[in-house]
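Trainee: To start, I am sharing the structure in question, which I have written as structure tokens.
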Amino acid sequence: KLDLENVNFNLKELLERMSSIINVKSNEKNIGFSLQVPDSIPEHLRGDALRLEQVLLNLTSNAVKFTSQGKVSVTTVSPVCHISGGYQS
């Protein structure tokens, strides 16, 4: 069983830590790395920050590892809820 934490955390700080680590790795391989975080992304979230950071680091580390040229980009997006009603036949 996997127990997830449910704590308040600062997403932008988490992403900055991840970016710092990945920048070092990408520089070692001579490839680019970019992180785009629009202002619309909430700064404070509630969840398991440690697990989220581990997953993001794993994914981006693998992206850098398997990229031989060019760059790796991470872009955050806000969740969008689109509700359409009615029934059409």
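Chain labels A, B, ... are given in the sequence in which chains occur in the structure tokens; within each chain residues are numbered consecutively from 1, and ligands are likewise numbered from 1 in the order shown.
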Please identify which residues in range 7-83 of chain A DSSP calls strand (DSSP E) from the backbone, and express them as an MDAnalysis selection string.
Mentor: chainID A and resid 7:10 32:36 44:47 71:75
Trainee: Could you give me, as a PyMOL selection string, the residues within 6 Å of range 3-17 of chain A, counting only C-alpha atoms and dropping anything in the same chain fewer than 4 positions from it?
Mentor: chain A and resi 43-48
Trainee: Determine, counting only C-alpha atoms, which protein, DNA and RNA residues have an atom within 10 Å of an atom of range 62-74 of chain A; residues of the same chain fewer than 2 positions away are not included. Present the result as a ChimeraX atom specification.
Mentor: /A:15,19,22-23,25-37,56-60,76-77
